[in-house]
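For reference, the structure is listed below as structure tokens.
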Amino acid sequence: MKASDAFDYLTPNKWITLSPLSKIRLLEEVRRNLQTYKKELAHEENRLKNGLMGEQLYFSPESYLVTIAPVDHLINALINLYKVLLKDFIPQPFQVSKSDEFNYRVRIRPLNFKDRILTASQAFYLSVKGSPIQINPLDKPSGVIAIISSGSTSTNLEVLKAIFLENKAVIHKPHRLNEGIERIWKKVFKPLSQAKVLSYCDTNEEERLTQLSDLHQIYFHGSEHTVSKIKKQSNTAIVAQIGGNNPVIIVPGLKPWSLEEIQHQVNELVTAAKLNGGATCGRPQTVITCKKWKQRDLFLMELKKAIINNTPAAGSYYPSSLDYRQNFLEHLDKVEVLYPEFGKYKYSDFLFTTNDSSELDYSHQHEAFFQFLNETAIDTNPNPEEFLEAAVSYCNENLYGDLGCMFIIDDATKFRFESVLNRSIEKIKYKNIAINSILPLLLLNPYFSTSNLGGKSTSNQHFSNIYGIEHIEKSILVDHFMSIHHLLRTNKSAFFKLAMNVSNYVFQPSWRGLYKIVSTSLYSRWLKPDF
């Protein structure tokens, strides 16, 4: 369909008159469709990825966890939200506190009680500019949002956010790489298309779509190069999530970490770095350590073990991944090529380098859209306050992008230096902060707002959130140092079982489902690698 025809198909003024109960029924129908077609979605996604490589490295449980479960989770959150809106009020934050003279920190939590139990060790915060303002999505005016998807994911989360949190109709332009799987997503979202609140345009209609004069906003996921092109050809406000060099700041502890704790942290870090073959905008890239930290050498040794031996091979399937990899190899003087599972797969090798580089270092100024980690040591004393100040300044001055940052800090040190850590979070340039967690878990969580590029002439520079909070500066996910929520892919069978348990739970939250997630997560940590 042409962009203009897709626009004319929509009836945004009719959508805003639809009752909350009718919208709940539409969401429930979409959820049933997702359950019907999830096997087909997973099969098509894996067929695409494995076909591009000619190797069998992706399986259905991964798709259930990374692609399908986040959509189910968002649908459930939206249904819970609209059940509250039926009573003519909007959910209230759990806690609001002042972070400084001008800004506030708002603590939010899942609306579903079982989800609150499941996430009991975690804390969700939104850092807000000025006094917090909430807007009921039902009070927002009609309009049309154009969504331009990236090729590295087909989750379609922003389609649902734009329709149910912004009260807008949507034109969706899929990425050409995902045309096959998008045909299945259209079956899932058919009720929304029939309600004339969702339409699709052809993959070659991007320029015409962005030039439509009556769009409210453009939602975009992808590279800075593409969003710059869109901004040149469009006068419409853009809300975007673009990649960058996402650092992981390793804060020296007041006491030495045990070997088990170090292995736990590096296994989670490498699990995140290998997700989707490195082709995800939330992947960690630069590991920031303290040069005088006594455990630095041990940490790096265990990090390489985690890449080679403790986590299975992942496939760098994305068509441009090889180009990214080649550019990094050509510009880096010292780089190790590591081979998980004894190099039995052609597209699974992992690049690793350590340096004390300047701001001109290629790896600092470019996003790695493949499997890569770079360690950089900051020359300070291993005092948490001194190190954090130097690490924040280094990241702000030297690393490309501002999407997200991870902090790894043990619980005792976090408690002792809580005010220092909070100042670091406020000062660092990144918009999405994961403390003792990984960025993908934050970016896929419906309770956060995750954009890192505000558009032209718009005061709403973020993807909307369940609580309707405006003027968000940062999203912050906090967890414990050795949390059961950490994603550790150290045993394939256990990881696949966990993925299926999570997928089943988010479709229909139950106490039995919650127990399965927790028990599988705990049990899997005692299992040896099975690859």
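Every chain in the structure tokens has a letter given in the order shown (A, B, ...), and although residue numbers restart at 1 in each chain, ligands are simply numbered from 1 in the order shown.
Look at Gly180 in chain A: the protein and nucleic acid residues within 9 Å of it, using only C-alpha atoms and passing over chain neighbours fewer than 5 places away, are Glu44, Glu45 and Leu48 of chain A.
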Just to be explicit: take each residue in the selection above, keep C-alpha atoms, and write the result as a JSON list (two decimals), in the first residue's frame.
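Writing the result to result-v3.json gives the following:
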```json
[["chain", "number", "residue", "atom", "x", "y", "z"],
["A", 44, "GLU", "CA", 9.69, -17.49, 10.50],
["A", 45, "GLU", "CA", 12.09, -15.40, 12.59],
["A", 48, "LEU", "CA", 15.26, -15.82, 8.41]]
```
Inset, instruction - Select from range 169-274 of chain A everything DSSP, run on the backbone, classes as strand (DSSP E or B), then give the selection as an MDAnalysis selection string. - result: chainID A and resid 169:173 198:200 217:222 238:242 246:250
Near Asp8 in chain A, within 12 Å and counting only C-alpha atoms, which residues show up once chain neighbours fewer than 5 positions away are dropped, as a PDB file with N, CA, C and O atoms, in the first residue's frame?
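Okay, selection.pdb is ready:
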```
ATOM      1  N   MET A   1       0.835  -1.195   0.000  1.00  0.00           N
ATOM      2  CA  MET A   1       0.000   0.000   0.000  1.00  0.00           C
ATOM      3  C   MET A   1       0.873   1.250   0.000  1.00  0.00           C
ATOM      4  O   MET A   1       1.874   1.303   0.705  1.00  0.00           O
ATOM      5  N   LYS A   2       0.482   2.264  -0.762  1.00  0.00           N
ATOM      6  CA  LYS A   2       1.191   3.534  -0.761  1.00  0.00           C
ATOM      7  C   LYS A   2       0.973   4.253   0.565  1.00  0.00           C
ATOM      8  O   LYS A   2      -0.048   4.059   1.237  1.00  0.00           O
ATOM      9  N   ALA A   3       1.925   5.110   0.928  1.00  0.00           N
ATOM     10  CA  ALA A   3       1.832   5.830   2.197  1.00  0.00           C
ATOM     11  C   ALA A   3       0.559   6.672   2.269  1.00  0.00           C
ATOM     12  O   ALA A   3      -0.118   6.716   3.301  1.00  0.00           O
ATOM     13  N   VAL A 144      -2.162  10.849  13.746  1.00  0.00           N
ATOM     14  CA  VAL A 144      -1.554   9.676  13.124  1.00  0.00           C
ATOM     15  C   VAL A 144      -0.057   9.688  13.387  1.00  0.00           C
ATOM     16  O   VAL A 144       0.609  10.707  13.192  1.00  0.00           O
ATOM     17  N   ALA A 169      -3.805   6.836  15.728  1.00  0.00           N
ATOM     18  CA  ALA A 169      -3.783   5.812  14.694  1.00  0.00           C
ATOM     19  C   ALA A 169      -2.355   5.677  14.174  1.00  0.00           C
ATOM     20  O   ALA A 169      -1.541   6.601  14.325  1.00  0.00           O
ATOM     21  N   VAL A 170      -2.038   4.541  13.545  1.00  0.00           N
ATOM     22  CA  VAL A 170      -0.652   4.234  13.189  1.00  0.00           C
ATOM     23  C   VAL A 170      -0.554   3.753  11.739  1.00  0.00           C
ATOM     24  O   VAL A 170      -1.353   2.932  11.284  1.00  0.00           O
ATOM     25  N   ILE A 171       0.453   4.292  11.043  1.00  0.00           N
ATOM     26  CA  ILE A 171       0.911   3.711   9.779  1.00  0.00           C
ATOM     27  C   ILE A 171       2.248   3.038  10.063  1.00  0.00           C
ATOM     28  O   ILE A 171       3.181   3.694  10.535  1.00  0.00           O
ATOM     29  N   LYS A 196      -9.567   0.207  11.879  1.00  0.00           N
ATOM     30  CA  LYS A 196      -9.015   1.335  11.112  1.00  0.00           C
ATOM     31  C   LYS A 196      -8.178   2.279  11.976  1.00  0.00           C
ATOM     32  O   LYS A 196      -8.170   3.485  11.785  1.00  0.00           O
ATOM     33  N   VAL A 197      -7.454   1.653  12.924  1.00  0.00           N
ATOM     34  CA  VAL A 197      -6.502   2.413  13.725  1.00  0.00           C
ATOM     35  C   VAL A 197      -5.072   1.997  13.382  1.00  0.00           C
ATOM     36  O   VAL A 197      -4.114   2.581  13.874  1.00  0.00           O
ATOM     37  N   LEU A 198      -4.917   1.001  12.499  1.00  0.00           N
ATOM     38  CA  LEU A 198      -3.599   0.536  12.076  1.00  0.00           C
ATOM     39  C   LEU A 198      -3.638   0.215  10.586  1.00  0.00           C
ATOM     40  O   LEU A 198      -4.552  -0.470  10.117  1.00  0.00           O
ATOM     41  N   SER A 199      -2.657   0.746   9.862  1.00  0.00           N
ATOM     42  CA  SER A 199      -2.497   0.413   8.446  1.00  0.00           C
ATOM     43  C   SER A 199      -1.015   0.219   8.159  1.00  0.00           C
ATOM     44  O   SER A 199      -0.155   0.550   8.988  1.00  0.00           O
ATOM     45  N   TYR A 200      -0.723  -0.320   6.987  1.00  0.00           N
ATOM     46  CA  TYR A 200       0.650  -0.624   6.610  1.00  0.00           C
ATOM     47  C   TYR A 200       0.957   0.000   5.249  1.00  0.00           C
ATOM     48  O   TYR A 200       0.086   0.063   4.378  1.00  0.00           O
ATOM     49  N   CYS A 201       2.194   0.438   5.078  1.00  0.00           N
ATOM     50  CA  CYS A 201       2.639   0.872   3.758  1.00  0.00           C
ATOM     51  C   CYS A 201       3.815   0.005   3.325  1.00  0.00           C
ATOM     52  O   CYS A 201       4.450  -0.657   4.153  1.00  0.00           O
ATOM     53  N   LEU A 212       4.536  12.981   4.491  1.00  0.00           N
ATOM     54  CA  LEU A 212       3.118  13.282   4.691  1.00  0.00           C
ATOM     55  C   LEU A 212       2.970  14.473   5.633  1.00  0.00           C
ATOM     56  O   LEU A 212       3.600  14.520   6.690  1.00  0.00           O
ATOM     57  N   ASP A 214       0.411  15.655   7.430  1.00  0.00           N
ATOM     58  CA  ASP A 214      -0.501  15.657   8.580  1.00  0.00           C
ATOM     59  C   ASP A 214      -0.145  14.637   9.655  1.00  0.00           C
ATOM     60  O   ASP A 214      -0.987  14.287  10.478  1.00  0.00           O
ATOM     61  N   LEU A 215       1.080  14.166   9.663  1.00  0.00           N
ATOM     62  CA  LEU A 215       1.512  13.240  10.710  1.00  0.00           C
ATOM     63  C   LEU A 215       1.697  13.977  12.030  1.00  0.00           C
ATOM     64  O   LEU A 215       2.163  15.121  12.071  1.00  0.00           O
TER      65      LEU A 215
END
```
Inset, instruction - Run DSSP on the backbone and give me the residues of range 61-299 of chain A it puts in helix (DSSP H, G or I), as number ranges by chain. - result: A: 61-85, 113-118, 137-139, 157-165, 176-188, 190-194, 203-210, 224-233, 259-278, 296-299
Legend entry - Contacts of range 94-107 of chain A at 10 Å (only C-alpha atoms; same-chain gap of 3+ positions) as a list in words: Pro91, Pro110, Ala123, Phe124, Tyr125, Leu126, Ser127, Val128, Lys129, Gly130, Ser131, Pro132, Asn422, Arg423, Glu426, Ile469, Ile472, Glu473, Lys474, Ser475 and Ile476 of chain A
Inset, instruction - Return the single residue from A:Asn452, A:Asn276, A:Thr17, A:Ser63 that is closest to Gly222 in chain A, with distances computed using only C-alpha atoms. - result: A:Asn452
Spatial neighbours of range 155-166 of chain A, 8 Å, only C-alpha atoms, chain gap at least 3 places, as a short mmCIF file (atom, residue, chain, number, x, y, z; two decimals) with N, CA and C atoms, in the first residue's frame:
```
data_model
loop_
_atom_site.label_atom_id
_atom_site.label_comp_id
_atom_site.auth_asym_id
_atom_site.auth_seq_id
_atom_site.Cartn_x
_atom_site.Cartn_y
_atom_site.Cartn_z
N THR A 67 11.26 -11.79 21.35
CA THR A 67 10.37 -11.15 20.38
C THR A 67 8.91 -11.19 20.80
N ILE A 68 8.44 -12.33 21.27
CA ILE A 68 7.00 -12.52 21.51
C ILE A 68 6.60 -12.14 22.94
N PRO A 70 7.82 -9.94 25.11
CA PRO A 70 7.68 -8.50 25.38
C PRO A 70 6.36 -7.92 24.86
N VAL A 71 5.86 -8.43 23.74
CA VAL A 71 4.57 -7.95 23.21
C VAL A 71 3.43 -8.40 24.12
N LEU A 74 3.48 -6.30 27.24
CA LEU A 74 2.92 -4.97 27.01
C LEU A 74 1.39 -5.04 26.91
N ILE A 75 0.87 -6.05 26.21
CA ILE A 75 -0.59 -6.18 26.09
C ILE A 75 -1.22 -6.33 27.47
N LEU A 78 -1.20 -3.04 29.24
CA LEU A 78 -2.21 -2.13 28.68
C LEU A 78 -3.61 -2.51 29.14
N PRO A 137 -4.15 8.71 28.72
CA PRO A 137 -4.11 8.52 27.27
C PRO A 137 -5.44 8.80 26.58
N LYS A 140 -5.81 12.38 25.27
CA LYS A 140 -4.93 12.88 24.21
C LYS A 140 -5.70 13.01 22.90
N ILE A 145 0.46 8.56 13.84
CA ILE A 145 1.89 8.38 14.05
C ILE A 145 2.41 7.39 13.01
N ILE A 147 5.33 4.78 12.01
CA ILE A 147 6.35 3.97 12.68
C ILE A 147 7.24 3.31 11.63
N SER A 149 10.24 0.74 11.31
CA SER A 149 10.90 -0.29 12.12
C SER A 149 12.30 -0.60 11.61
N ALA A 169 -3.80 6.84 15.73
CA ALA A 169 -3.78 5.81 14.69
C ALA A 169 -2.36 5.68 14.17
N VAL A 170 -2.04 4.54 13.55
CA VAL A 170 -0.65 4.23 13.19
C VAL A 170 -0.55 3.75 11.74
N HIS A 172 2.34 1.77 9.78
CA HIS A 172 3.56 1.03 10.07
C HIS A 172 4.29 0.67 8.78
N VAL A 197 -7.45 1.65 12.92
CA VAL A 197 -6.50 2.41 13.73
C VAL A 197 -5.07 2.00 13.38
N TYR A 219 7.82 7.62 14.77
CA TYR A 219 8.56 6.75 15.69
C TYR A 219 9.59 5.97 14.86
N PHE A 463 8.99 7.62 24.04
CA PHE A 463 7.87 6.71 23.85
C PHE A 463 7.07 6.67 25.15
N SER A 464 5.77 6.68 25.04
CA SER A 464 4.93 6.79 26.22
C SER A 464 5.06 5.58 27.13
N ASN A 465 4.69 5.77 28.39
CA ASN A 465 4.77 4.71 29.38
C ASN A 465 3.40 4.47 30.01
N ILE A 466 3.27 3.36 30.69
CA ILE A 466 1.98 2.93 31.24
C ILE A 466 1.40 3.96 32.20
N GLY A 468 1.74 7.21 32.06
CA GLY A 468 1.44 8.48 31.41
C GLY A 468 2.25 9.65 31.91
#
```
At a cut-off of 9 Å, using only C-alpha atoms, what residues contact range 205-210 of chain A? Leave out same-chain residues fewer than 6 positions from it and give the result as a PDB file with all heavy atoms, in the first residue's frame.
```
ATOM      1  N   MET A   1       0.835  -1.195   0.000  1.00  0.00           N
ATOM      2  CA  MET A   1       0.000   0.000   0.000  1.00  0.00           C
ATOM      3  C   MET A   1       0.873   1.250   0.000  1.00  0.00           C
ATOM      4  O   MET A   1       1.874   1.303   0.705  1.00  0.00           O
ATOM      5  CB  MET A   1      -0.922   0.006   1.230  1.00  0.00           C
ATOM      6  CG  MET A   1      -1.968   1.117   1.241  1.00  0.00           C
ATOM      7  SD  MET A   1      -3.000   1.110   2.741  1.00  0.00           S
ATOM      8  CE  MET A   1      -3.964  -0.384   2.514  1.00  0.00           C
ATOM      9  N   LYS A   2       0.482   2.264  -0.762  1.00  0.00           N
ATOM     10  CA  LYS A   2       1.191   3.534  -0.761  1.00  0.00           C
ATOM     11  C   LYS A   2       0.973   4.253   0.565  1.00  0.00           C
ATOM     12  O   LYS A   2      -0.048   4.059   1.237  1.00  0.00           O
ATOM     13  CB  LYS A   2       0.709   4.402  -1.915  1.00  0.00           C
ATOM     14  CG  LYS A   2       1.098   3.891  -3.305  1.00  0.00           C
ATOM     15  CD  LYS A   2       0.620   4.855  -4.378  1.00  0.00           C
ATOM     16  CE  LYS A   2       1.021   4.358  -5.765  1.00  0.00           C
ATOM     17  NZ  LYS A   2       0.555   5.283  -6.834  1.00  0.00           N
ATOM     18  N   ALA A   3       1.925   5.110   0.928  1.00  0.00           N
ATOM     19  CA  ALA A   3       1.832   5.830   2.197  1.00  0.00           C
ATOM     20  C   ALA A   3       0.559   6.672   2.269  1.00  0.00           C
ATOM     21  O   ALA A   3      -0.118   6.716   3.301  1.00  0.00           O
ATOM     22  CB  ALA A   3       3.069   6.701   2.386  1.00  0.00           C
ATOM     23  N   SER A   4       0.228   7.347   1.167  1.00  0.00           N
ATOM     24  CA  SER A   4      -0.968   8.201   1.156  1.00  0.00           C
ATOM     25  C   SER A   4      -2.239   7.367   1.316  1.00  0.00           C
ATOM     26  O   SER A   4      -3.178   7.786   2.021  1.00  0.00           O
ATOM     27  CB  SER A   4      -1.023   9.003  -0.142  1.00  0.00           C
ATOM     28  OG  SER A   4      -0.980   8.142  -1.277  1.00  0.00           O
ATOM     29  N   PHE A   7      -2.591   6.295   4.892  1.00  0.00           N
ATOM     30  CA  PHE A   7      -3.074   7.410   5.724  1.00  0.00           C
ATOM     31  C   PHE A   7      -4.586   7.571   5.566  1.00  0.00           C
ATOM     32  O   PHE A   7      -5.316   7.737   6.556  1.00  0.00           O
ATOM     33  CB  PHE A   7      -2.358   8.706   5.322  1.00  0.00           C
ATOM     34  CG  PHE A   7      -2.682   9.878   6.198  1.00  0.00           C
ATOM     35  CD1 PHE A   7      -1.913  10.179   7.305  1.00  0.00           C
ATOM     36  CD2 PHE A   7      -3.787  10.698   5.916  1.00  0.00           C
ATOM     37  CE1 PHE A   7      -2.214  11.265   8.122  1.00  0.00           C
ATOM     38  CE2 PHE A   7      -4.097  11.773   6.719  1.00  0.00           C
ATOM     39  CZ  PHE A   7      -3.309  12.063   7.827  1.00  0.00           C
ATOM     40  N   ALA A 146       3.501   7.739  12.357  1.00  0.00           N
ATOM     41  CA  ALA A 146       4.164   6.828  11.428  1.00  0.00           C
ATOM     42  C   ALA A 146       5.276   6.092  12.168  1.00  0.00           C
ATOM     43  O   ALA A 146       6.068   6.725  12.882  1.00  0.00           O
ATOM     44  CB  ALA A 146       4.743   7.594  10.251  1.00  0.00           C
ATOM     45  N   ILE A 148       8.531   3.566  11.727  1.00  0.00           N
ATOM     46  CA  ILE A 148       9.511   2.989  10.810  1.00  0.00           C
ATOM     47  C   ILE A 148      10.366   2.020  11.610  1.00  0.00           C
ATOM     48  O   ILE A 148      11.117   2.427  12.498  1.00  0.00           O
ATOM     49  CB  ILE A 148      10.370   4.082  10.160  1.00  0.00           C
ATOM     50  CG1 ILE A 148       9.467   5.058   9.378  1.00  0.00           C
ATOM     51  CG2 ILE A 148      11.431   3.485   9.243  1.00  0.00           C
ATOM     52  CD1 ILE A 148      10.194   6.271   8.849  1.00  0.00           C
ATOM     53  N   ILE A 171       0.453   4.292  11.043  1.00  0.00           N
ATOM     54  CA  ILE A 171       0.911   3.711   9.779  1.00  0.00           C
ATOM     55  C   ILE A 171       2.248   3.038  10.063  1.00  0.00           C
ATOM     56  O   ILE A 171       3.181   3.694  10.535  1.00  0.00           O
ATOM     57  CB  ILE A 171       1.113   4.770   8.679  1.00  0.00           C
ATOM     58  CG1 ILE A 171      -0.150   5.579   8.454  1.00  0.00           C
ATOM     59  CG2 ILE A 171       1.552   4.098   7.375  1.00  0.00           C
ATOM     60  CD1 ILE A 171       0.051   6.751   7.509  1.00  0.00           C
ATOM     61  N   LYS A 173       5.563   1.052   8.704  1.00  0.00           N
ATOM     62  CA  LYS A 173       6.401   0.641   7.581  1.00  0.00           C
ATOM     63  C   LYS A 173       7.433  -0.351   8.087  1.00  0.00           C
ATOM     64  O   LYS A 173       8.397   0.026   8.752  1.00  0.00           O
ATOM     65  CB  LYS A 173       7.117   1.830   6.931  1.00  0.00           C
ATOM     66  CG  LYS A 173       7.816   1.434   5.615  1.00  0.00           C
ATOM     67  CD  LYS A 173       9.009   2.292   5.317  1.00  0.00           C
ATOM     68  CE  LYS A 173      10.226   1.925   6.112  1.00  0.00           C
ATOM     69  NZ  LYS A 173      10.797   0.594   5.747  1.00  0.00           N
ATOM     70  N   ILE A 218       6.778  10.829  14.138  1.00  0.00           N
ATOM     71  CA  ILE A 218       7.399   9.653  13.528  1.00  0.00           C
ATOM     72  C   ILE A 218       8.134   8.904  14.632  1.00  0.00           C
ATOM     73  O   ILE A 218       8.942   9.487  15.354  1.00  0.00           O
ATOM     74  CB  ILE A 218       8.386  10.040  12.413  1.00  0.00           C
ATOM     75  CG1 ILE A 218       7.648  10.725  11.255  1.00  0.00           C
ATOM     76  CG2 ILE A 218       9.132   8.809  11.897  1.00  0.00           C
ATOM     77  CD1 ILE A 218       8.577  11.320  10.217  1.00  0.00           C
ATOM     78  N   ILE A 230      15.984  10.937   7.660  1.00  0.00           N
ATOM     79  CA  ILE A 230      14.560  11.216   7.857  1.00  0.00           C
ATOM     80  C   ILE A 230      14.349  12.668   8.260  1.00  0.00           C
ATOM     81  O   ILE A 230      13.424  13.343   7.773  1.00  0.00           O
ATOM     82  CB  ILE A 230      13.976  10.261   8.925  1.00  0.00           C
ATOM     83  CG1 ILE A 230      13.996   8.817   8.418  1.00  0.00           C
ATOM     84  CG2 ILE A 230      12.555  10.666   9.293  1.00  0.00           C
ATOM     85  CD1 ILE A 230      13.627   7.793   9.472  1.00  0.00           C
ATOM     86  N   LYS A 231      15.195  13.174   9.131  1.00  0.00           N
ATOM     87  CA  LYS A 231      15.050  14.553   9.596  1.00  0.00           C
ATOM     88  C   LYS A 231      15.245  15.562   8.464  1.00  0.00           C
ATOM     89  O   LYS A 231      14.636  16.627   8.457  1.00  0.00           O
ATOM     90  CB  LYS A 231      16.031  14.819  10.736  1.00  0.00           C
ATOM     91  CG  LYS A 231      15.699  14.058  12.012  1.00  0.00           C
ATOM     92  CD  LYS A 231      16.733  14.242  13.091  1.00  0.00           C
ATOM     93  CE  LYS A 231      16.568  15.569  13.801  1.00  0.00           C
ATOM     94  NZ  LYS A 231      17.430  15.663  14.999  1.00  0.00           N
ATOM     95  N   GLN A 233      14.357  15.073   5.334  1.00  0.00           N
ATOM     96  CA  GLN A 233      13.265  15.020   4.373  1.00  0.00           C
ATOM     97  C   GLN A 233      11.888  15.202   5.012  1.00  0.00           C
ATOM     98  O   GLN A 233      10.865  15.106   4.342  1.00  0.00           O
ATOM     99  CB  GLN A 233      13.294  13.686   3.614  1.00  0.00           C
ATOM    100  CG  GLN A 233      13.082  12.455   4.475  1.00  0.00           C
ATOM    101  CD  GLN A 233      13.464  11.161   3.766  1.00  0.00           C
ATOM    102  OE1 GLN A 233      14.310  11.154   2.877  1.00  0.00           O
ATOM    103  NE2 GLN A 233      12.829  10.053   4.156  1.00  0.00           N
ATOM    104  N   SER A 234      11.859  15.486   6.334  1.00  0.00           N
ATOM    105  CA  SER A 234      10.573  15.600   7.011  1.00  0.00           C
ATOM    106  C   SER A 234      10.574  16.756   8.008  1.00  0.00           C
ATOM    107  O   SER A 234      11.589  17.047   8.639  1.00  0.00           O
ATOM    108  CB  SER A 234      10.265  14.295   7.750  1.00  0.00           C
ATOM    109  OG  SER A 234       9.083  14.415   8.507  1.00  0.00           O
ATOM    110  N   ASN A 235       9.435  17.393   8.170  1.00  0.00           N
ATOM    111  CA  ASN A 235       9.253  18.434   9.172  1.00  0.00           C
ATOM    112  C   ASN A 235       8.487  17.922  10.391  1.00  0.00           C
ATOM    113  O   ASN A 235       8.139  18.689  11.277  1.00  0.00           O
ATOM    114  CB  ASN A 235       8.494  19.619   8.559  1.00  0.00           C
ATOM    115  CG  ASN A 235       9.328  20.354   7.519  1.00  0.00           C
ATOM    116  OD1 ASN A 235      10.524  20.568   7.716  1.00  0.00           O
ATOM    117  ND2 ASN A 235       8.699  20.726   6.418  1.00  0.00           N
ATOM    118  N   THR A 236       8.227  16.639  10.411  1.00  0.00           N
ATOM    119  CA  THR A 236       7.465  16.036  11.507  1.00  0.00           C
ATOM    120  C   THR A 236       8.369  15.727  12.691  1.00  0.00           C
ATOM    121  O   THR A 236       9.528  15.331  12.515  1.00  0.00           O
ATOM    122  CB  THR A 236       6.784  14.740  11.027  1.00  0.00           C
ATOM    123  OG1 THR A 236       5.943  15.035   9.909  1.00  0.00           O
ATOM    124  CG2 THR A 236       5.946  14.122  12.128  1.00  0.00           C
TER     125      THR A 236
END
```
Compile the contact shell of Asp479 in chain A as a compact mmCIF listing (two decimals) with N, CA and C atoms, in the first residue's frame: residues with an atom at most 6 Å away, counting only C-alpha atoms, same-chain residues fewer than 4 positions apart removed.
```txt
# COMPACT_ATOMS: atom_id res chain seq x y z
N SER A 121 12.71 -7.92 43.74
CA SER A 121 14.09 -7.50 43.99
C SER A 121 14.47 -6.27 43.16
N GLN A 122 13.61 -5.89 42.21
CA GLN A 122 13.92 -4.79 41.31
C GLN A 122 13.20 -3.52 41.71
N ASN A 436 23.03 -3.30 37.98
CA ASN A 436 22.98 -4.74 38.25
C ASN A 436 21.90 -5.44 37.41
```
Legend entry - Given only C-alpha atoms as the counted atoms, nearest of A:Val392, A:Ala314, A:Ile288, A:Ile184 to Pro340 in chain A: A:Ala314
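Proximity of A:Leu388, A:Gln194, A:Leu298, A:Leu399 to Gln285 in chain A, computed with only C-alpha atoms, is greatest for A:Leu399.
Comparing A:Asp379, A:Arg32, A:Phe496, A:Asn374 by their smallest distance to Asp72 in chain A, the closest is A:Arg32 (using only C-alpha atoms).
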Inset, instruction - Could you tell me which of A:Thr153, A:Met500, A:Ser449, A:Phe350 comes closest to Lys39 in chain A if we count only C-alpha atoms? - result: A:Met500
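Between Arg176 in chain A and the candidates A:Lys427, A:Lys294, A:Ser60, A:Pro319, the tightest atom-to-atom separation, counting only C-alpha atoms, involves A:Pro319.
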